[in-house]
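Undergrad: The file below is upload_29.cif, mmCIF, C-alpha atoms and all ligand atoms:
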```
data_upload
#
loop_
_atom_site.label_atom_id
_atom_site.label_comp_id
_atom_site.auth_asym_id
_atom_site.auth_seq_id
_atom_site.Cartn_x
_atom_site.Cartn_y
_atom_site.Cartn_z
CA MET A 28 27.46 -22.07 12.32
CA GLU A 29 23.95 -20.62 12.83
CA SER A 30 22.02 -20.29 9.59
CA GLU A 31 18.45 -20.29 10.90
CA PHE A 32 18.25 -16.71 12.07
CA HIS A 33 15.53 -15.77 14.57
CA ARG A 34 13.98 -12.90 12.59
CA ILE A 35 14.25 -14.61 9.22
CA LYS A 36 12.49 -17.66 10.64
CA ARG A 37 9.50 -15.43 11.42
CA LEU A 38 9.06 -14.59 7.72
CA PRO A 39 6.94 -17.15 5.85
CA PRO A 40 7.79 -18.06 2.24
CA TYR A 41 6.72 -15.29 -0.12
CA VAL A 42 3.39 -16.37 -1.70
CA PHE A 43 4.00 -14.17 -4.73
CA ALA A 44 7.33 -15.89 -5.43
CA GLU A 45 5.68 -18.89 -7.08
CA VAL A 46 3.69 -16.77 -9.54
CA ASN A 47 6.70 -14.50 -10.11
CA ALA A 48 8.89 -17.49 -10.96
CA MET A 49 6.30 -18.78 -13.43
CA LYS A 50 6.04 -15.30 -14.95
CA ALA A 51 9.80 -15.09 -15.42
CA LYS A 52 9.88 -18.55 -16.99
CA ALA A 53 7.04 -17.74 -19.42
CA ARG A 54 8.76 -14.50 -20.43
CA ALA A 55 12.06 -16.27 -20.96
CA ALA A 56 10.18 -18.65 -23.28
CA GLY A 57 9.05 -15.63 -25.33
CA GLU A 58 5.48 -15.33 -24.00
CA ASP A 59 3.95 -11.84 -23.89
CA ILE A 60 2.78 -11.64 -20.27
CA ILE A 61 0.49 -8.77 -19.29
CA ASP A 62 1.68 -8.00 -15.79
CA LEU A 63 -1.09 -6.79 -13.49
CA GLY A 64 0.59 -8.48 -10.53
CA MET A 65 2.99 -6.13 -8.78
CA GLY A 66 1.80 -2.69 -7.63
CA ASN A 67 4.69 -0.95 -9.38
CA PRO A 68 3.46 2.35 -10.91
CA ASP A 69 4.42 2.42 -14.60
CA LEU A 70 3.93 6.13 -15.39
CA PRO A 71 6.98 8.36 -15.81
CA THR A 72 7.71 10.98 -13.14
CA PRO A 73 6.57 14.42 -14.44
CA GLN A 74 9.34 16.25 -16.30
CA HIS A 75 9.56 19.33 -14.04
CA ILE A 76 10.35 17.05 -11.08
CA VAL A 77 13.06 15.19 -13.01
CA ASP A 78 14.49 18.57 -14.14
CA LYS A 79 14.77 19.75 -10.54
CA LEU A 80 16.60 16.56 -9.58
CA CYS A 81 19.12 17.10 -12.40
CA GLU A 82 19.59 20.77 -11.52
CA VAL A 83 20.28 20.15 -7.83
CA ALA A 84 22.49 17.15 -8.59
CA GLN A 85 24.89 19.58 -10.33
CA ASP A 86 25.65 21.23 -6.98
CA PRO A 87 28.52 19.46 -5.18
CA LYS A 88 27.13 20.57 -1.81
CA ALA A 89 24.08 18.41 -2.53
CA HIS A 90 26.33 15.32 -2.71
CA ARG A 91 26.99 15.25 1.03
CA TYR A 92 25.04 13.32 3.62
CA SER A 93 21.55 14.73 3.87
CA ALA A 94 19.39 15.13 7.01
CA SER A 95 17.75 11.98 8.35
CA GLN A 96 14.57 13.86 9.39
CA GLY A 97 14.47 15.42 5.91
CA ILE A 98 15.56 18.84 4.61
CA LYS A 99 13.57 21.74 6.04
CA GLY A 100 12.32 22.94 2.64
CA LEU A 101 10.70 19.56 2.00
CA ARG A 102 9.15 19.36 5.47
CA LYS A 103 7.66 22.85 4.93
CA ALA A 104 6.33 21.90 1.48
CA PHE A 105 4.71 18.85 3.05
CA VAL A 106 3.16 20.94 5.87
CA ASN A 107 1.63 23.25 3.24
CA TYR A 108 0.23 20.24 1.38
CA TYR A 109 -1.48 18.89 4.54
CA GLN A 110 -2.91 22.34 5.26
CA ARG A 111 -4.18 22.76 1.69
CA ARG A 112 -5.52 19.25 1.28
CA PHE A 113 -6.79 18.30 4.76
CA HIS A 114 -6.84 21.61 6.70
CA VAL A 115 -4.51 19.97 9.21
CA SER A 116 -1.74 22.13 10.75
CA LEU A 117 1.60 20.48 11.44
CA ASP A 118 4.83 21.68 13.01
CA PRO A 119 7.56 20.92 10.44
CA ASP A 120 10.17 20.36 13.19
CA LYS A 121 8.25 18.26 15.70
CA GLU A 122 5.42 16.66 13.77
CA VAL A 123 6.97 15.68 10.42
CA CYS A 124 9.67 13.21 9.38
CA VAL A 125 10.68 12.57 5.78
CA THR A 126 11.17 8.85 5.12
CA ILE A 127 12.97 6.83 2.45
CA GLY A 128 9.58 5.75 1.12
CA SER A 129 6.67 5.15 3.47
CA LYS A 130 7.61 1.45 3.72
CA GLU A 131 10.91 2.37 5.36
CA GLY A 132 9.09 4.69 7.77
CA LEU A 133 6.57 2.02 8.75
CA ALA A 134 9.26 -0.62 9.29
CA ASN A 135 11.55 1.64 11.30
CA LEU A 136 8.73 3.00 13.44
CA ALA A 137 7.70 -0.59 14.17
CA SER A 138 11.20 -1.46 15.35
CA ALA A 139 11.43 1.80 17.34
CA ILE A 140 8.26 1.27 19.38
CA THR A 141 7.77 -2.50 19.64
CA GLY A 142 8.95 -4.65 22.51
CA PRO A 143 8.83 -8.49 22.53
CA GLY A 144 5.22 -9.65 22.75
CA ASP A 145 3.64 -6.22 22.26
CA ILE A 146 0.31 -6.66 20.51
CA ILE A 147 -0.42 -4.84 17.26
CA LEU A 148 -3.77 -4.87 15.49
CA THR A 149 -3.90 -4.88 11.72
CA PRO A 150 -6.63 -5.54 9.16
CA ASN A 151 -6.23 -8.78 7.18
CA PRO A 152 -5.67 -8.88 4.21
CA SER A 153 -3.11 -6.10 4.28
CA TYR A 154 0.00 -4.68 2.64
CA PRO A 155 2.67 -7.09 3.98
CA ILE A 156 4.82 -4.53 5.84
CA HIS A 157 1.87 -3.71 8.12
CA PRO A 158 2.02 -7.00 10.00
CA PHE A 159 5.60 -7.98 9.13
CA GLY A 160 7.20 -4.70 10.23
CA PHE A 161 6.00 -5.64 13.71
CA ILE A 162 6.64 -9.37 13.42
CA ILE A 163 10.26 -8.60 12.50
CA ALA A 164 10.38 -6.40 15.61
CA ASP A 165 9.20 -9.35 17.77
CA GLY A 166 5.67 -8.05 18.15
CA THR A 167 2.52 -10.18 18.13
CA VAL A 168 -0.08 -9.41 15.51
CA ARG A 169 -3.83 -9.84 15.92
CA PHE A 170 -5.99 -9.50 12.82
CA LEU A 171 -9.09 -7.39 12.33
CA PRO A 172 -11.64 -7.42 9.49
CA TYR A 173 -10.77 -5.11 6.62
CA VAL A 174 -14.12 -3.48 5.92
CA PRO A 175 -14.21 -0.13 7.76
CA GLY A 176 -17.59 -0.48 9.49
CA PRO A 177 -19.47 -1.93 12.47
CA ASP A 178 -17.81 -5.38 12.28
CA PHE A 179 -14.41 -3.71 12.43
CA MET A 180 -15.42 -1.71 15.51
CA ALA A 181 -16.85 -4.83 17.20
CA ALA A 182 -13.65 -6.81 16.47
CA LEU A 183 -11.53 -3.91 17.77
CA ASP A 184 -13.54 -3.90 20.99
CA ARG A 185 -13.15 -7.70 21.34
CA ALA A 186 -9.42 -7.46 20.69
CA VAL A 187 -8.98 -4.91 23.46
CA ARG A 188 -11.08 -6.88 25.94
CA ASN A 189 -9.38 -10.20 25.22
CA SER A 190 -5.71 -9.34 24.64
CA VAL A 191 -3.07 -9.43 27.33
CA PRO A 192 -1.12 -7.21 27.26
CA LYS A 193 -3.53 -4.64 25.87
CA PRO A 194 -2.80 -3.83 22.18
CA MET A 195 -0.35 -0.94 21.83
CA ALA A 196 -1.06 0.09 18.23
CA LEU A 197 -3.56 -0.26 15.42
CA ILE A 198 -2.74 -0.02 11.72
CA LEU A 199 -5.21 1.58 9.33
CA ASN A 200 -4.78 1.69 5.55
CA TYR A 201 -7.56 3.36 3.59
CA PRO A 202 -7.62 3.49 0.57
CA SER A 203 -6.45 -0.03 1.13
CA ASN A 204 -3.87 -2.10 -0.65
CA PRO A 205 -5.09 -4.72 -1.59
CA THR A 206 -8.85 -4.23 -1.13
CA ALA A 207 -9.21 -0.62 -2.42
CA MET A 208 -11.66 0.08 0.42
CA VAL A 209 -11.92 3.68 1.60
CA ALA A 210 -12.81 4.95 5.07
CA SER A 211 -15.10 7.85 5.95
CA LEU A 212 -14.31 10.62 8.43
CA ASP A 213 -17.11 9.25 10.55
CA PHE A 214 -15.32 5.88 10.78
CA TYR A 215 -12.02 7.58 11.64
CA GLY A 216 -13.86 9.55 14.33
CA GLN A 217 -15.13 6.36 15.96
CA VAL A 218 -11.72 4.66 15.83
CA VAL A 219 -9.88 7.69 17.20
CA ASP A 220 -12.38 8.05 20.07
CA PHE A 221 -12.04 4.38 20.92
CA CYS A 222 -8.24 4.33 20.75
CA ARG A 223 -7.84 7.56 22.71
CA HIS A 224 -10.03 6.08 25.41
CA HIS A 225 -7.94 2.88 25.55
CA GLY A 226 -4.52 4.49 25.03
CA ILE A 227 -3.76 2.77 21.70
CA TYR A 228 -1.62 4.42 19.03
CA ILE A 229 -2.99 4.58 15.47
CA LEU A 230 -0.63 4.23 12.51
CA SER A 231 -2.46 5.28 9.35
CA ASP A 232 -1.04 4.46 5.91
CA LEU A 233 -2.44 6.96 3.41
CA ALA A 234 -0.18 6.04 0.48
CA TYR A 235 -3.12 6.35 -1.97
CA ALA A 236 -4.29 9.77 -0.70
CA GLU A 237 -4.39 11.23 -4.22
CA ILE A 238 -5.33 8.20 -6.30
CA TYR A 239 -9.09 8.44 -6.07
CA PHE A 240 -11.89 8.50 -8.62
CA ASP A 241 -15.38 9.91 -8.98
CA GLY A 242 -14.51 13.15 -7.13
CA ASN A 243 -14.24 11.74 -3.59
CA PRO A 244 -10.84 12.56 -2.04
CA PRO A 245 -10.05 10.18 0.85
CA PRO A 246 -9.81 11.89 4.25
CA SER A 247 -6.87 11.87 6.65
CA VAL A 248 -7.25 10.45 10.16
CA LEU A 249 -5.47 13.59 11.38
CA GLN A 250 -8.59 15.60 10.47
CA ILE A 251 -10.29 14.19 13.58
CA PRO A 252 -9.98 16.63 16.51
CA GLY A 253 -7.50 15.27 19.06
CA ALA A 254 -6.10 12.70 16.59
CA LYS A 255 -2.57 13.98 17.06
CA ASP A 256 -2.69 12.70 20.65
CA ILE A 257 -2.41 9.16 19.31
CA CYS A 258 -2.04 9.12 15.49
CA ILE A 259 0.81 9.13 13.04
CA GLU A 260 0.09 9.06 9.30
CA PHE A 261 2.33 7.86 6.48
CA THR A 262 2.08 9.26 2.95
CA SER A 263 4.13 8.67 -0.15
CA MET A 264 5.39 10.40 -3.27
CA SER A 265 5.46 7.04 -5.07
CA LYS A 266 1.90 6.95 -6.40
CA THR A 267 0.87 10.62 -6.34
CA TYR A 268 3.79 11.77 -8.48
CA SER A 269 4.78 8.41 -10.00
CA MET A 270 8.07 8.38 -8.06
CA PRO A 271 8.28 4.81 -6.70
CA GLY A 272 11.99 4.38 -7.37
CA TRP A 273 12.93 7.72 -5.82
CA ARG A 274 12.10 6.53 -2.31
CA VAL A 275 10.48 9.51 -0.62
CA GLY A 276 7.58 9.44 1.82
CA PHE A 277 6.49 11.13 5.03
CA ALA A 278 5.37 10.47 8.57
CA ALA A 279 3.29 13.15 10.29
CA GLY A 280 1.34 13.65 13.49
CA ASN A 281 1.94 12.52 17.07
CA ARG A 282 5.12 14.06 18.47
CA THR A 283 6.15 11.07 20.58
CA LEU A 284 5.98 8.75 17.57
CA ILE A 285 7.68 11.24 15.25
CA ASN A 286 10.41 11.65 17.85
CA ALA A 287 10.85 7.86 18.12
CA LEU A 288 11.03 7.49 14.34
CA THR A 289 13.43 10.43 13.92
CA ARG A 290 15.66 9.09 16.67
CA ILE A 291 15.92 5.56 15.31
CA LYS A 292 16.48 6.92 11.80
CA SER A 293 19.28 9.14 13.09
CA TYR A 294 21.10 5.90 13.97
CA LEU A 295 20.24 4.16 10.70
CA ASP A 296 20.38 6.58 7.79
CA TYR A 297 21.30 10.07 6.58
CA GLY A 298 18.05 10.72 4.73
CA ALA A 299 17.26 10.46 1.03
CA PHE A 300 19.75 12.03 -1.42
CA THR A 301 19.33 15.83 -1.17
CA PRO A 302 18.50 16.34 -4.90
CA VAL A 303 15.71 13.75 -4.51
CA GLN A 304 14.32 15.67 -1.54
CA ALA A 305 14.59 19.04 -3.36
CA ALA A 306 12.74 17.56 -6.35
CA ALA A 307 10.06 16.17 -4.01
CA ALA A 308 9.57 19.70 -2.61
CA THR A 309 9.17 20.96 -6.19
CA ALA A 310 6.53 18.31 -6.77
CA LEU A 311 4.53 19.37 -3.70
CA ASN A 312 4.92 23.13 -4.29
CA GLY A 313 4.47 23.08 -8.07
CA PRO A 314 1.47 22.73 -10.39
CA GLN A 315 -0.78 19.80 -9.51
CA THR A 316 -2.14 19.17 -13.03
CA CYS A 317 0.15 16.12 -13.27
CA VAL A 318 -1.65 14.57 -10.30
CA GLU A 319 -5.04 15.11 -11.95
CA GLU A 320 -3.68 13.51 -15.16
CA THR A 321 -2.40 10.51 -13.23
CA ARG A 322 -5.80 10.09 -11.57
CA GLN A 323 -7.52 10.21 -14.98
CA ILE A 324 -5.20 7.56 -16.40
CA TYR A 325 -5.86 5.14 -13.54
CA LYS A 326 -9.58 5.85 -13.76
CA GLU A 327 -9.66 5.04 -17.49
CA ARG A 328 -7.76 1.81 -16.84
CA ARG A 329 -10.13 0.93 -14.02
CA ASP A 330 -13.16 1.43 -16.26
CA VAL A 331 -11.68 -0.61 -19.12
CA LEU A 332 -10.92 -3.45 -16.70
CA VAL A 333 -14.20 -3.48 -14.77
CA GLU A 334 -16.47 -3.01 -17.82
CA GLY A 335 -14.52 -5.45 -19.98
CA MET A 336 -14.44 -8.15 -17.33
CA ALA A 337 -18.17 -7.71 -16.65
CA GLN A 338 -18.78 -8.47 -20.34
CA ALA A 339 -16.66 -11.59 -19.92
CA GLY A 340 -18.89 -12.58 -16.98
CA TRP A 341 -16.42 -11.62 -14.23
CA ILE A 342 -18.08 -9.09 -11.93
CA ILE A 343 -15.40 -7.02 -10.22
CA PRO A 344 -16.45 -4.20 -7.87
CA SER A 345 -15.24 -0.87 -9.27
CA PRO A 346 -12.52 0.43 -6.92
CA PRO A 347 -13.27 3.97 -5.68
CA ALA A 348 -9.55 4.66 -5.09
CA SER A 349 -6.03 3.14 -5.16
CA MET A 350 -4.53 1.47 -8.22
CA PHE A 351 -5.99 -1.97 -7.52
CA ALA A 352 -9.14 -3.95 -8.17
CA TRP A 353 -9.93 -6.59 -5.54
CA ALA A 354 -11.59 -9.25 -7.58
CA PRO A 355 -13.60 -12.20 -6.20
CA ILE A 356 -12.60 -15.41 -7.98
CA PRO A 357 -15.40 -16.29 -10.44
CA GLU A 358 -17.64 -19.13 -9.27
CA PRO A 359 -16.43 -21.97 -11.59
CA PHE A 360 -12.84 -21.41 -10.33
CA LYS A 361 -13.52 -20.69 -6.67
CA HIS A 362 -12.56 -24.13 -5.44
CA LEU A 363 -9.06 -23.72 -6.92
CA GLY A 364 -8.15 -21.04 -4.38
CA SER A 365 -6.40 -17.78 -5.20
CA LEU A 366 -2.90 -19.18 -5.83
CA GLU A 367 -4.00 -21.87 -8.30
CA PHE A 368 -6.42 -19.49 -10.03
CA SER A 369 -3.59 -16.95 -10.46
CA LYS A 370 -1.37 -19.66 -11.94
CA LEU A 371 -4.12 -20.66 -14.33
CA LEU A 372 -4.63 -17.07 -15.51
CA LEU A 373 -0.91 -16.90 -16.14
CA THR A 374 -0.55 -20.13 -18.06
CA GLU A 375 -3.86 -20.03 -19.96
CA ALA A 376 -4.40 -16.27 -20.51
CA ASN A 377 -0.85 -14.86 -20.16
CA VAL A 378 -2.11 -12.44 -17.50
CA ALA A 379 -0.34 -12.08 -14.14
CA VAL A 380 -2.34 -11.09 -11.04
CA SER A 381 -1.57 -11.37 -7.32
CA PRO A 382 -3.20 -14.17 -5.31
CA GLY A 383 -5.23 -12.76 -2.43
CA THR A 384 -3.60 -15.09 0.10
CA GLY A 385 -0.32 -13.22 -0.44
CA PHE A 386 -1.89 -10.43 1.62
CA GLY A 387 -3.06 -12.65 4.47
CA GLU A 388 -5.32 -15.63 5.08
CA ASN A 389 -8.52 -13.58 4.72
CA GLY A 390 -7.46 -12.68 1.19
CA GLU A 391 -8.43 -16.19 0.05
CA GLY A 392 -11.19 -16.13 -2.55
CA PHE A 393 -9.79 -13.00 -4.23
CA VAL A 394 -7.05 -11.85 -6.55
CA ARG A 395 -5.59 -8.36 -6.72
CA ILE A 396 -5.40 -6.80 -10.17
CA ALA A 397 -3.03 -3.81 -10.41
CA LEU A 398 -3.77 -1.06 -12.95
CA VAL A 399 -0.13 -0.83 -13.99
CA GLU A 400 -0.30 -1.50 -17.74
CA ASN A 401 -1.83 0.91 -20.25
CA LYS A 402 -5.48 0.64 -21.25
CA HIS A 403 -4.70 -1.12 -24.56
CA ARG A 404 -2.83 -3.82 -22.69
CA ILE A 405 -5.63 -4.07 -20.15
CA ARG A 406 -8.08 -4.49 -23.05
CA GLN A 407 -5.81 -7.22 -24.41
CA ALA A 408 -5.84 -8.88 -20.97
CA VAL A 409 -9.63 -8.74 -20.89
CA ARG A 410 -9.88 -10.37 -24.35
CA SER A 411 -7.45 -13.06 -23.38
CA ILE A 412 -9.26 -13.84 -20.10
CA ARG A 413 -12.60 -13.89 -21.90
CA THR A 414 -11.25 -16.47 -24.37
CA PHE A 415 -9.84 -18.53 -21.50
CA PHE A 416 -13.17 -18.44 -19.60
CA GLY A 417 -14.90 -19.62 -22.80
CA ASN A 418 -12.62 -22.69 -23.03
CA ALA A 419 -11.96 -23.26 -19.34
CA GLY A 420 -13.65 -26.67 -19.16
CA GLY A 421 -10.50 -28.53 -20.25
CA ALA A 422 -8.16 -26.60 -17.94
CA LEU A 423 -10.49 -27.15 -14.98
CA LYS A 424 -10.79 -30.87 -15.70
CA ASN A 425 -7.00 -31.14 -15.93
CA PHE A 426 -6.59 -29.34 -12.64
CA ASP A 427 -9.23 -31.46 -10.87
CA ALA A 428 -7.69 -34.68 -12.26
CA LYS A 429 -4.21 -33.64 -11.09
CA ARG A 430 -5.53 -32.78 -7.64
CA ALA A 431 -7.37 -36.12 -7.40
CA ALA A 432 -4.21 -37.99 -8.43
CA ALA A 433 -2.15 -36.12 -5.83
CA SER A 434 -4.53 -36.79 -2.93
C1 LIG B 1 -0.49 0.64 1.22
C2 LIG B 1 0.92 0.93 0.84
N1 LIG B 1 1.72 1.54 1.71
C3 LIG B 1 3.00 1.82 1.43
C4 LIG B 1 3.54 1.46 0.22
C5 LIG B 1 4.99 1.75 -0.03
O1 LIG B 1 5.14 3.00 -0.58
P1 LIG B 1 6.57 3.67 -0.66
O2 LIG B 1 7.00 3.59 -2.07
O3 LIG B 1 6.32 5.10 -0.21
O4 LIG B 1 7.49 2.96 0.27
C6 LIG B 1 2.77 0.82 -0.73
C7 LIG B 1 3.36 0.40 -2.02
O5 LIG B 1 2.86 -0.38 -2.76
C8 LIG B 1 1.42 0.55 -0.41
O6 LIG B 1 0.62 -0.09 -1.28
#
```
Show the structure stored in the file as structure tokens.

TA:
Amino acid sequence: MESEFHRIKRLPPYVFAEVNAMKAKARAAGEDIIDLGMGNPDLPTPQHIVDKLCEVAQDPKAHRYSASQGIKGLRKAFVNYYQRRFHVSLDPDKEVCVTIGSKEGLANLASAITGPGDIILTPNPSYPIHPFGFIIADGTVRFLPYVPGPDFMAALDRAVRNSVPKPMALILNYPSNPTAMVASLDFYGQVVDFCRHHGIYILSDLAYAEIYFDGNPPPSVLQIPGAKDICIEFTSMSKTYSMPGWRVGFAAGNRTLINALTRIKSYLDYGAFTPVQAAAATALNGPQTCVEETRQIYKERRDVLVEGMAQAGWIIPSPPASMFAWAPIPEPFKHLGSLEFSKLLLTEANVAVSPGTGFGENGEGFVRIALVENKHRIRQAVRSIRTFFGNAGGALKNFDAKRAAAS
């Protein structure tokens, strides 16, 4: 009987699994591991949103199948948010689809629009669903640099000139997971002009739209005039309102793509549970002080991490947005590579981070540090890493000896 399934064979072993297994083992042995590995927001959902969920859940009518495109009240609340935040007008019926988290939307859109061998362009390193949504759908992925600037534009131009068939879609994700890079409107303008000219769809993932620091809200690609001709943008309730487990996100923009997503979803699901959608509408329509508080918390954590690590001799660029720091491996450890360095931090400092290679080959040389423990725990992590750096000679010698013996 077949056990090597075609799509499963296209999925490489999960790089994070090795660190996760070590983390679980250390915890089982009673170690206190500070987990800055997974990007799982730790803050509670604001109370007024939870209250709305409970209230609507009391209504038996809300227990039925919901609408796969999303309930109208939520689509309207989302349209008002885009108008308020980006000055972008959207038609709630033709240009918006509620998703069961933005990850679901990305994956289902990929399977709706991709034919075997279609070429998709995505920055590397990237959030894994960006390439793998398309790989699962039998597409072919070509990588671009991740810094939103001239090298990106040059690589995009090369990709279009050298790919047969011509690429059909480009993924953008700024603020980026894992690199925390942000894009300017000027950059979006250049990419939209280029892709409109070449007939390439743009799929923008704006999951970190509201997690920004230093007073610079990230723009939406849909702000570019004419963007709706080719762009769809995904946003999420998971980070903005600390609702990762609720599974609500949105797709908005180009009508053809929204129609494709809505149609495939109508075959696959009945939408998120109605009380979840009603509570999401309350979140978007209600007071936004909770979002400002969330931003402040991540900013404080960021500052504790970046300043503390700098004192320990680890210079980490301060992320302008997202809930991640993209940290170059310090010089004495560089030759270990990101997976071995992550394992060493875990065993020697009891701190879990994500190896950069888990996000693609160009993530080598970096680790991703998620700001998902409170600032006291982050301070504890900094102290522990500083102590480890101070005594790293032995650990490094051990590692080098083991590697020499193995080769
Ligand atoms: C860039 C990016 N996009 C999408 C998601 C998934 O968000 P959701 O919870 O809406 O599926 C994440 C989650 O970590 C993310 O980092």

Undergrad: Could you check the closest approach to Gly364 (chain A) for each of A:Gln338, A:Gln96, A:Thr384, A:Ser153 and tell me which residue wins, using all atoms listed in the file?

TA: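 Among A:Gln338, A:Gln96, A:Thr384, A:Ser153, it is A:Thr384 that comes nearest to Gly364 (chain A).
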
Undergrad: Could you tell me, counting only C-alpha atoms and all ligand atoms, which protein and nucleic acid residues lie no more than 7 Å from ligand LIG 1 (chain B), written as a ChimeraX atom specification?

TA: /A:66-67,128-131,154,200,203-204,232-234,262-265,271,274-276

Undergrad: Compare A:Ala299, A:Ala432, A:Cys317, A:Ile163 by their minimum atom-to-atom distance to Leu70 (chain A), counting all atoms listed in the file, and give me the closest one.

TA: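 Of the candidates, the smallest distance to Leu70 (chain A) is held by A:Cys317.
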
Undergrad: For the atom pair CA of Ala139 (chain A) and CA of Ser293 (chain A), what is the interatomic distance in Å to one decimal place?

TA: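 So the two atoms, CA of Ala139 (chain A) and CA of Ser293 (chain A), lie 11.6 Å apart.
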
Undergrad: Nearest residue to Leu423 (chain A) out of A:Lys361, A:Ile405, A:Asn377, A:Val303, using all atoms listed in the file?

TA: A:Lys361

Undergrad: So how many Å separate CA of Gly57 (chain A) and CA of Ser369 (chain A), to one decimal?

TA: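 Pair CA of Gly57 (chain A) / CA of Ser369 (chain A) returns 19.6 Å.
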
Undergrad: When you look at Pro194 (chain A) with a cut-off of 9 Å (counting all atoms listed in the file), what residues show up, excluding the ones that are within fewer than 4 positions of it in the same chain? I need them as a PyMOL selection string.

TA: chain A and resi 145-148+169+186-187+190+226-228

Undergrad: Check the smallest atom-to-atom distance from each of A:Ala137, A:Leu199, A:Thr72, A:Ser411 to Thr267 (chain A) using only C-alpha atoms, then report the winner.

TA: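 Of A:Ala137, A:Leu199, A:Thr72, A:Ser411, the one nearest Thr267 (chain A), counting only C-alpha atoms, is A:Thr72.
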
Undergrad: Tell me which of A:Val123, A:Met195, A:Ile291, A:Ala308 sits closest to Lys255 (chain A), counting all atoms listed in the file.

TA: A:Val123

Undergrad: Since the input lacks some atoms of region 158-170 of chain A, please model N, CA, C and O atoms and print them as a compact mmCIF listing (two decimals), in the frame of the given file.

TA:
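Output file part.txt is given in full below:
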```txt
# COMPACT_ATOMS: atom_id res chain seq x y z
N PRO A 158 1.73 -6.05 8.94
CA PRO A 158 2.02 -7.00 10.00
C PRO A 158 3.52 -7.30 10.15
O PRO A 158 4.04 -7.37 11.27
N PHE A 159 4.23 -7.44 9.02
CA PHE A 159 5.60 -7.98 9.13
C PHE A 159 6.60 -6.97 9.70
O PHE A 159 7.59 -7.37 10.30
N GLY A 160 6.34 -5.69 9.56
CA GLY A 160 7.20 -4.70 10.23
C GLY A 160 7.23 -5.00 11.72
O GLY A 160 8.28 -4.91 12.36
N PHE A 161 6.09 -5.38 12.27
CA PHE A 161 6.00 -5.64 13.71
C PHE A 161 6.45 -7.05 14.07
O PHE A 161 7.04 -7.27 15.12
N ILE A 162 6.19 -7.99 13.16
CA ILE A 162 6.64 -9.37 13.42
C ILE A 162 8.17 -9.40 13.46
O ILE A 162 8.79 -10.01 14.33
N ILE A 163 8.79 -8.68 12.52
CA ILE A 163 10.26 -8.60 12.50
C ILE A 163 10.77 -8.00 13.82
O ILE A 163 11.82 -8.36 14.33
N ALA A 164 9.97 -7.07 14.36
CA ALA A 164 10.38 -6.40 15.61
C ALA A 164 9.95 -7.19 16.84
O ALA A 164 9.93 -6.64 17.95
N ASP A 165 9.57 -8.47 16.66
CA ASP A 165 9.20 -9.35 17.77
C ASP A 165 7.85 -9.05 18.38
O ASP A 165 7.56 -9.49 19.51
N GLY A 166 7.02 -8.29 17.66
CA GLY A 166 5.67 -8.05 18.15
C GLY A 166 4.76 -9.23 17.84
O GLY A 166 5.14 -10.17 17.14
N THR A 167 3.55 -9.17 18.38
CA THR A 167 2.52 -10.18 18.13
C THR A 167 1.38 -9.48 17.42
O THR A 167 0.94 -8.41 17.86
N VAL A 168 0.94 -10.08 16.31
CA VAL A 168 -0.08 -9.41 15.51
C VAL A 168 -1.42 -10.10 15.68
O VAL A 168 -1.51 -11.33 15.66
N ARG A 169 -2.46 -9.30 15.88
CA ARG A 169 -3.83 -9.84 15.92
C ARG A 169 -4.60 -9.17 14.79
O ARG A 169 -4.53 -7.96 14.59
N PHE A 170 -5.34 -10.01 14.03
CA PHE A 170 -5.99 -9.50 12.82
C PHE A 170 -7.39 -8.97 13.09
O PHE A 170 -8.12 -9.49 13.93
```
